[in-house]
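Data block for model.cif (mmCIF, C-alpha atoms and all ligand atoms):
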data_structure
loop_
_atom_site.label_atom_id
_atom_site.label_comp_id
_atom_site.auth_asym_id
_atom_site.auth_seq_id
_atom_site.Cartn_x
_atom_site.Cartn_y
_atom_site.Cartn_z
CA MET G 538 0.00 0.00 0.00
CA LYS G 539 1.21 3.51 -0.83
CA ARG G 540 2.03 5.86 2.03
CA VAL G 541 0.77 9.43 1.96
CA LEU G 542 1.48 12.22 4.44
CA MET G 543 -1.48 14.51 5.07
CA ILE G 544 -0.36 17.93 6.24
CA GLY G 545 -3.01 20.10 7.89
CA THR G 546 -2.78 23.89 7.89
CA GLY G 547 -6.40 24.97 8.52
CA GLY G 548 -8.77 26.70 6.07
CA THR G 549 -12.51 26.28 5.54
CA ILE G 550 -12.17 22.52 5.16
CA ALA G 551 -11.07 22.32 8.80
CA SER G 552 -13.38 25.03 10.11
CA GLU G 553 -16.25 24.99 12.57
CA MET G 554 -18.90 27.66 12.96
CA THR G 555 -18.30 29.83 16.01
CA GLU G 556 -19.77 33.15 17.15
CA ALA G 557 -16.83 34.82 15.44
CA GLY G 558 -17.49 33.07 12.12
CA LEU G 559 -15.81 30.02 10.61
CA THR G 560 -12.66 29.09 12.53
CA PRO G 561 -10.18 26.32 11.63
CA ASN G 562 -10.46 24.12 14.73
CA LEU G 563 -10.13 20.64 13.19
CA ASN G 564 -6.79 18.93 12.66
CA SER G 565 -5.85 16.56 9.83
CA GLN G 566 -6.68 13.50 11.95
CA ASP G 567 -10.21 14.89 12.44
CA LEU G 568 -10.55 15.47 8.69
CA LEU G 569 -9.46 11.93 7.97
CA SER G 570 -12.19 10.54 10.21
CA TYR G 571 -14.82 12.12 7.92
CA VAL G 572 -13.53 10.19 4.89
CA PRO G 573 -13.04 6.57 5.98
CA ALA G 574 -12.76 5.48 2.33
CA LEU G 575 -9.25 6.94 2.32
CA GLY G 576 -8.17 4.03 4.49
CA SER G 577 -8.62 1.58 1.65
CA LEU G 578 -6.72 3.81 -0.81
CA CYS G 579 -3.45 4.19 1.07
CA GLN G 580 -1.77 4.31 4.43
CA VAL G 581 -2.15 7.86 5.75
CA ASP G 582 -0.08 9.64 8.40
CA CYS G 583 -1.30 12.99 9.69
CA LEU G 584 0.66 16.04 10.67
CA GLN G 585 -0.70 19.42 11.72
CA ILE G 586 1.75 22.27 11.13
CA CYS G 587 -0.64 25.18 11.81
CA SER G 588 -4.39 25.84 12.09
CA ILE G 589 -5.03 29.11 10.35
CA ASP G 590 -7.30 30.83 7.90
CA SER G 591 -5.10 31.06 4.82
CA THR G 592 -5.52 34.84 4.95
CA ASN G 593 -2.87 34.53 7.67
CA MET G 594 -0.39 32.55 5.52
CA THR G 595 3.06 34.10 5.17
CA PRO G 596 6.23 33.11 3.32
CA ALA G 597 7.42 31.62 6.63
CA HIS G 598 4.56 29.10 6.36
CA TRP G 599 5.61 28.23 2.78
CA LEU G 600 9.12 27.51 4.06
CA LEU G 601 7.65 25.41 6.87
CA MET G 602 5.59 23.35 4.40
CA ALA G 603 8.63 22.76 2.18
CA ARG G 604 10.82 21.82 5.15
CA THR G 605 8.14 19.47 6.51
CA ILE G 606 8.09 17.62 3.19
CA ARG G 607 11.86 17.66 2.79
CA GLU G 608 12.42 16.06 6.20
CA ARG G 609 9.96 13.24 5.43
CA TYR G 610 10.40 12.94 1.68
CA GLU G 611 11.86 9.42 1.63
CA ALA G 612 9.19 7.95 3.89
CA TYR G 613 6.20 8.73 1.64
CA ASP G 614 4.96 8.21 -1.91
CA GLY G 615 3.03 11.48 -1.95
CA PHE G 616 1.92 14.46 0.10
CA VAL G 617 -1.48 16.12 0.54
CA ILE G 618 -1.61 19.59 2.07
CA CYS G 619 -5.01 20.75 3.36
CA HIS G 620 -5.08 24.51 2.97
CA GLY G 621 -7.51 27.43 2.90
CA THR G 622 -8.55 28.34 -0.61
CA ASP G 623 -7.97 32.09 -0.37
CA THR G 624 -4.19 32.00 -0.70
CA MET G 625 -3.77 28.42 -1.92
CA ALA G 626 -2.60 29.60 -5.35
CA TYR G 627 0.24 31.58 -3.75
CA SER G 628 1.28 28.61 -1.63
CA ALA G 629 1.13 26.27 -4.64
CA ALA G 630 3.33 28.66 -6.62
CA ALA G 631 5.76 29.08 -3.74
CA LEU G 632 6.07 25.32 -3.20
CA SER G 633 6.68 24.91 -6.95
CA TYR G 634 9.87 26.98 -6.51
CA LEU G 635 10.86 25.57 -3.11
CA ILE G 636 10.43 21.92 -4.17
CA GLN G 637 11.63 21.50 -7.76
CA ASN G 638 11.57 18.38 -9.93
CA SER G 639 9.78 16.24 -7.39
CA PRO G 640 9.08 12.78 -8.81
CA LYS G 641 6.42 12.41 -6.11
CA PRO G 642 3.09 14.27 -6.06
CA VAL G 643 2.69 17.24 -3.70
CA VAL G 644 -1.03 18.08 -3.76
CA LEU G 645 -2.73 21.12 -2.24
CA THR G 646 -6.45 20.96 -1.59
CA GLY G 647 -9.19 22.47 0.52
CA SER G 648 -12.86 23.22 0.11
CA GLN G 649 -15.47 25.93 -0.15
CA LYS G 650 -17.64 24.35 2.57
CA PRO G 651 -16.49 22.89 5.92
CA ILE G 652 -16.21 19.12 6.23
CA HIS G 653 -18.95 18.89 8.87
CA ALA G 654 -21.52 20.63 6.60
CA ASP G 655 -24.34 18.47 5.23
CA ILE G 656 -23.52 19.54 1.71
CA THR G 657 -19.81 20.00 1.14
CA ASP G 658 -17.15 19.66 -1.52
CA SER G 659 -14.51 18.75 1.05
CA LYS G 660 -14.86 14.95 0.98
CA ALA G 661 -14.70 14.76 -2.82
CA ASN G 662 -11.68 17.09 -2.86
CA LEU G 663 -9.89 14.98 -0.25
CA LEU G 664 -10.64 11.71 -2.06
CA ASP G 665 -9.52 13.20 -5.37
CA SER G 666 -6.34 14.56 -3.82
CA PHE G 667 -5.38 11.24 -2.29
CA THR G 668 -6.18 9.56 -5.62
CA VAL G 669 -3.66 11.87 -7.34
CA ALA G 670 -1.09 11.49 -4.55
CA CYS G 671 -1.29 7.68 -4.69
CA ASP G 672 -1.46 7.40 -8.45
CA GLY G 673 1.91 9.09 -8.97
CA ARG G 674 1.54 9.76 -12.69
CA ILE G 675 1.13 13.51 -12.13
CA SER G 676 4.21 14.41 -10.11
CA GLY G 677 5.32 17.69 -8.57
CA VAL G 678 3.19 20.43 -7.04
CA SER G 679 -0.45 20.66 -8.06
CA VAL G 680 -3.80 21.92 -6.82
CA VAL G 681 -6.56 19.30 -6.86
CA PHE G 682 -9.97 20.93 -6.60
CA GLY G 683 -13.42 20.45 -8.11
CA GLY G 684 -12.30 17.27 -9.90
CA GLU G 685 -9.41 19.00 -11.70
CA VAL G 686 -5.65 18.75 -11.33
CA ILE G 687 -3.98 22.13 -11.91
CA LEU G 688 -0.25 22.78 -12.18
CA GLY G 689 1.01 24.56 -9.04
CA THR G 690 2.39 27.54 -10.96
CA ARG G 691 -0.86 28.01 -12.91
CA ALA G 692 -3.59 27.87 -10.28
CA ARG G 693 -5.77 30.84 -9.40
CA LYS G 694 -8.88 31.14 -7.29
CA THR G 695 -11.47 32.49 -9.72
CA TYR G 696 -14.73 31.84 -7.85
CA SER G 697 -15.28 32.91 -4.26
CA LYS G 698 -18.24 30.58 -3.57
CA SER G 699 -18.67 27.91 -6.26
CA TYR G 700 -17.19 24.44 -5.86
CA GLY G 701 -15.08 24.77 -9.01
CA ALA G 702 -13.14 27.56 -7.31
CA PHE G 703 -9.84 27.24 -9.19
CA SER G 704 -8.83 27.78 -12.78
CA SER G 705 -5.67 26.90 -14.65
CA ILE G 706 -4.36 30.15 -16.16
CA ASN G 707 -2.74 30.12 -19.62
CA TYR G 708 -2.17 26.38 -19.34
CA PRO G 709 -4.35 23.27 -19.73
CA VAL G 710 -5.47 21.31 -16.67
CA LEU G 711 -3.14 18.38 -16.05
CA GLY G 712 -5.96 15.92 -15.60
CA VAL G 713 -9.31 15.18 -14.01
CA VAL G 714 -10.44 12.76 -11.35
CA GLN G 715 -13.58 10.87 -12.33
CA ASP G 716 -15.26 8.28 -10.12
CA GLY G 717 -12.12 7.82 -8.07
CA ARG G 718 -9.79 7.42 -11.06
CA LEU G 719 -7.20 9.86 -12.31
CA VAL G 720 -7.36 10.66 -16.01
CA PRO G 721 -4.01 12.35 -16.75
CA TYR G 722 -3.97 14.65 -19.79
CA LEU G 723 -0.47 15.99 -19.25
CA ARG G 724 2.37 14.60 -17.18
CA PRO G 725 4.95 17.21 -16.10
CA GLU G 726 8.44 15.76 -16.57
CA PRO G 727 11.14 16.72 -14.02
CA SER G 728 13.82 18.74 -15.83
CA GLY G 729 16.61 17.81 -13.40
CA PRO G 730 17.23 16.26 -9.99
CA LEU G 731 14.93 16.86 -7.03
CA ARG G 732 15.93 20.07 -5.28
CA PHE G 733 14.65 21.81 -2.17
CA TYR G 734 15.23 25.47 -1.36
CA ASP G 735 14.98 26.99 2.10
CA ARG G 736 15.08 30.74 1.69
CA LEU G 737 12.76 33.47 0.43
CA ASN G 738 13.14 37.23 0.26
CA GLU G 739 9.88 38.79 1.42
CA ARG G 740 10.73 42.31 0.17
CA VAL G 741 8.41 41.97 -2.83
CA SER G 742 5.28 44.07 -3.24
CA LEU G 743 2.47 44.58 -5.71
CA LEU G 744 0.79 47.74 -7.01
CA LYS G 745 -2.47 47.40 -8.91
CA LEU G 746 -2.97 50.35 -11.24
CA ILE G 747 -6.31 52.18 -11.22
CA PRO G 748 -7.18 55.22 -13.31
CA GLY G 749 -5.73 58.24 -11.52
CA VAL G 750 -3.27 56.20 -9.44
CA SER G 751 -0.64 58.36 -7.80
CA PRO G 752 3.05 57.72 -8.57
CA ALA G 753 3.66 58.39 -4.85
CA GLN G 754 2.17 54.94 -4.18
CA LEU G 755 4.83 53.38 -6.38
CA SER G 756 7.57 55.36 -4.64
CA PHE G 757 6.36 54.20 -1.24
CA LEU G 758 6.40 50.54 -2.32
CA LEU G 759 9.81 50.96 -3.93
CA SER G 760 11.18 52.38 -0.70
CA GLU G 761 9.95 49.32 1.20
CA SER G 762 10.91 46.60 -1.33
CA ASP G 763 13.65 45.02 -3.42
CA ALA G 764 11.12 44.34 -6.20
CA VAL G 765 7.79 45.93 -7.04
CA ILE G 766 5.32 44.19 -9.32
CA ILE G 767 3.07 46.59 -11.20
CA GLU G 768 -0.19 44.94 -12.18
CA SER G 769 -1.07 47.17 -15.11
CA TYR G 770 -3.80 47.05 -17.73
CA GLY G 771 -4.07 44.80 -20.80
CA VAL G 772 -0.72 43.87 -22.32
CA GLY G 773 0.95 46.51 -20.13
CA GLY G 774 2.07 50.10 -19.74
CA VAL G 775 2.08 53.09 -17.38
CA PRO G 776 0.11 56.37 -17.51
CA ALA G 777 1.76 58.90 -19.85
CA GLY G 778 4.44 56.44 -20.98
CA ALA G 779 7.95 57.92 -21.29
CA ASP G 780 6.65 61.43 -20.51
CA GLY G 781 5.14 60.50 -17.18
CA GLU G 782 6.08 60.43 -13.54
CA PHE G 783 5.82 56.63 -13.31
CA TYR G 784 8.50 56.25 -15.96
CA ARG G 785 10.84 58.65 -14.12
CA ARG G 786 10.34 56.94 -10.79
CA ILE G 787 10.93 53.50 -12.25
CA GLN G 788 14.11 54.78 -13.89
CA ALA G 789 15.36 56.21 -10.58
CA ALA G 790 14.51 52.98 -8.72
CA GLU G 791 16.38 50.86 -11.24
CA ALA G 792 19.44 53.08 -10.81
CA GLN G 793 19.32 52.04 -7.13
CA GLY G 794 19.27 48.35 -8.08
CA LYS G 795 15.51 47.81 -7.51
CA LEU G 796 13.55 45.51 -9.77
CA VAL G 797 10.28 46.52 -11.41
CA VAL G 798 8.21 43.78 -12.96
CA PHE G 799 4.99 44.17 -14.97
CA THR G 800 2.04 41.80 -14.86
CA THR G 801 -1.47 42.33 -16.12
CA GLN G 802 -4.87 42.63 -14.46
CA VAL G 803 -6.32 40.63 -17.32
CA GLN G 804 -6.57 37.00 -16.33
CA ASN G 805 -5.89 35.34 -19.66
CA GLU G 806 -3.14 35.54 -22.29
CA GLY G 807 -0.57 37.58 -20.35
CA SER G 808 1.46 40.71 -20.99
CA ASP G 809 3.39 42.09 -23.95
CA LEU G 810 4.85 45.48 -23.07
CA SER G 811 6.30 46.00 -26.54
CA VAL G 812 2.89 46.58 -28.16
CA TYR G 813 1.86 50.10 -27.07
CA GLY G 814 3.86 53.26 -26.60
CA VAL G 815 2.90 53.37 -22.90
CA GLY G 816 4.73 50.06 -22.38
CA HIS G 817 7.27 49.93 -25.19
CA CYS G 818 9.39 52.69 -23.60
CA LEU G 819 9.64 50.75 -20.33
CA LYS G 820 10.90 47.71 -22.12
CA GLN G 821 13.13 49.44 -24.62
CA ASP G 822 14.72 52.14 -22.45
CA LEU G 823 14.46 50.79 -18.91
CA GLY G 824 14.59 47.03 -19.49
CA VAL G 825 11.87 46.27 -16.95
CA LEU G 826 10.78 42.66 -16.59
CA GLU G 827 7.31 41.41 -17.49
CA SER G 828 5.29 38.36 -16.63
CA TYR G 829 4.28 37.27 -20.15
CA ASP G 830 2.03 34.24 -19.48
CA MET G 831 3.00 33.78 -15.80
CA THR G 832 0.34 34.34 -13.16
CA THR G 833 0.77 37.19 -10.69
CA GLU G 834 0.86 34.57 -7.91
CA ALA G 835 3.77 32.81 -9.63
CA VAL G 836 5.57 36.12 -10.24
CA VAL G 837 5.31 37.00 -6.54
CA ALA G 838 6.68 33.62 -5.44
CA LYS G 839 9.36 33.45 -8.15
CA LEU G 840 10.74 36.87 -7.22
CA MET G 841 10.86 35.95 -3.53
CA TRP G 842 12.71 32.77 -4.42
CA LEU G 843 15.14 34.42 -6.86
CA LEU G 844 15.87 37.47 -4.69
CA ALA G 845 16.85 35.18 -1.83
CA MET G 846 19.59 33.77 -4.08
CA SER G 847 20.82 36.89 -5.83
CA GLN G 848 20.39 40.66 -5.64
CA ASP G 849 22.03 41.22 -9.00
CA PRO G 850 19.29 42.57 -11.30
CA GLY G 851 20.90 41.10 -14.44
CA GLU G 852 21.16 37.63 -12.92
CA VAL G 853 17.64 37.80 -11.44
CA GLY G 854 16.29 38.97 -14.80
CA ARG G 855 17.88 36.03 -16.63
CA LEU G 856 16.60 33.51 -14.09
CA PHE G 857 13.16 35.17 -14.05
CA TYR G 858 12.62 34.14 -17.68
CA THR G 859 14.04 30.63 -17.17
CA PRO G 860 11.04 28.29 -16.90
CA VAL G 861 10.51 26.50 -13.59
CA ALA G 862 7.72 23.96 -13.10
CA GLY G 863 5.94 25.07 -16.27
CA ASP G 864 5.50 28.63 -15.02
CA ILE G 865 6.32 30.43 -18.31
CA LEU G 866 5.82 29.16 -21.84
CA CYS G 867 5.66 32.34 -23.82
CA GLY G 868 8.66 34.43 -22.65
CA PRO G 869 10.82 36.94 -24.53
CA ARG G 870 11.34 36.29 -28.24
N1 LIG W 901 -10.88 31.99 4.36
C1 LIG W 901 -10.67 30.59 4.04
C2 LIG W 901 -9.19 30.33 3.94
O1 LIG W 901 -8.60 30.62 2.93
C3 LIG W 901 -11.38 30.23 2.78
C4 LIG W 901 -11.30 28.77 2.37
O2 LIG W 901 -10.56 27.97 2.91
O3 LIG W 901 -12.06 28.40 1.45
O4 LIG W 901 -8.60 29.86 4.88
#
Write the structure described by the file as structure tokens, please.
Amino acid sequence: MKRVLMIGTGGTIASEMTEAGLTPNLNSQDLLSYVPALGSLCQVDCLQICSIDSTNMTPAHWLLMARTIRERYEAYDGFVICHGTDTMAYSAAALSYLIQNSPKPVVLTGSQKPIHADITDSKANLLDSFTVACDGRISGVSVVFGGEVILGTRARKTYSKSYGAFSSINYPVLGVVQDGRLVPYLRPEPSGPLRFYDRLNERVSLLKLIPGVSPAQLSFLLSESDAVIIESYGVGGVPAGADGEFYRRIQAAEAQGKLVVFTTQVQNEGSDLSVYGVGHCLKQDLGVLESYDMTTEAVVAKLMWLLAMSQDPGEVGRLFYTPVAGDILCGPR
């Protein structure tokens, strides 16, 4: 029988209703008792590393998850992490950089409704996740939710209430779980030996542009960060292009060795700063980085991972466009 480690972190799946709203009181052993069918699928060990709403997740928790798996990697065939849905996509992206080329599945799952509710997606999500973890044909970090298997660097929460809460962005789903069987469509191949990382640089921030946004907001974030991600509109740009205050402040920040990276508020198809004048100047004159088809969640996690290894903007820029765990397909020409 396969051995799977179930790592509890909290989230709705483990929550009970209290006067203060849903609170993650159940541990992974409690969750397991709601799904006895798991016992015939594999041998499960339970470990609780925290009990939090995933709103409270930090990069320190991502490092804890990676270290927990690293220390027990040889003893198990797969890993299932029960996690709140709100920041699961960030954790999945972070683990994709912290645990690279894993030949074993590392599955994140959770639910929109608590496990004790009469009508809940939690039991199906748990069964599906253990099915993927035991099957082994889809290796590496993934999110299993609503019957779909999504690559860890491509997951995003796109529905706040529906059971099919997650979408795979700019990438096909890896497979589906139907009637307890995994149907793999794609099987990510490790591109090298298994490697764990144990450091992140948290000095990364994100500015979402809105019409009328003040450049002072960018300056504040730049003063607090080693890298600022600007989530701009469409394929990308800044107000007033090369004649504007954003351009000048980005130029000044780059002279101080700060990184500025563009992503887009549009969910599908990614950025291409070279298209419009308001973006072309940033690319051509300032050499800013852009996400292309990477998700904002993956950009956040990738920058934290890269900036923990190097502060050299040239080196970080080169590594930023080097694909990891299928995070970027459509990079610079
Ligand atoms: N607020 C919860 C969390 O992310 C939502 C969920 O788990 O669905 O922990």
Box for ligand LIG 901 (chain W) - axis-aligned, 8 Å on each of the six sides, all listed atoms - centre and size in Å to one decimal, as JSON.
{"center_x": -10.3, "center_y": 30.0, "center_z": 3.2, "size_x": 19.5, "size_y": 20.0, "size_z": 19.4}
Which residues come within 9 Å of Glu806 (chain G), counting all atoms listed in the file, excluding same-chain residues fewer than 2 positions away, as a ChimeraX atom specification? /G:706-707,772,803-804,808,829-830
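Atom pair CA of Met841 (chain G) / CA of Gly621 (chain G): separated by 21.2 Å.
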Using atom C3 of ligand LIG 901 (chain W) and CA of Leu719 (chain G) as the two end points, give the distance in Å to one decimal. 25.7 Å
Given the choices G:Gln848, G:Ser769, G:Ser828, G:Thr560, which gets closest to ligand LIG 901 (chain W) if the distance is worked out from all atoms listed in the file?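 Comparing G:Gln848, G:Ser769, G:Ser828, G:Thr560 against ligand LIG 901 (chain W), the winner is G:Thr560.
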Test item: residues lying within 12 Å of ligand LIG 901 (chain W) with all atoms listed in the file, as a VMD selection string: chain G and resid 545 to 553 558 to 562 587 to 594 619 to 628 645 to 652 657 to 659 682 694 to 703
Asp822 (chain G): which residues within 10 Å, counting all atoms listed in the file, same-chain residues fewer than 6 positions away excluded, as a list in words? Ala779, Tyr784 and Gln788 of chain G
Please save C-alpha atoms of the selected residues as a CSV table (one decimal), keeping the file's coordinate frame.
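Now in selection_9.csv:
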chain,number,residue,atom,x,y,z
G,779,ALA,CA,8.0,57.9,-21.3
G,784,TYR,CA,8.5,56.2,-16.0
G,788,GLN,CA,14.1,54.8,-13.9
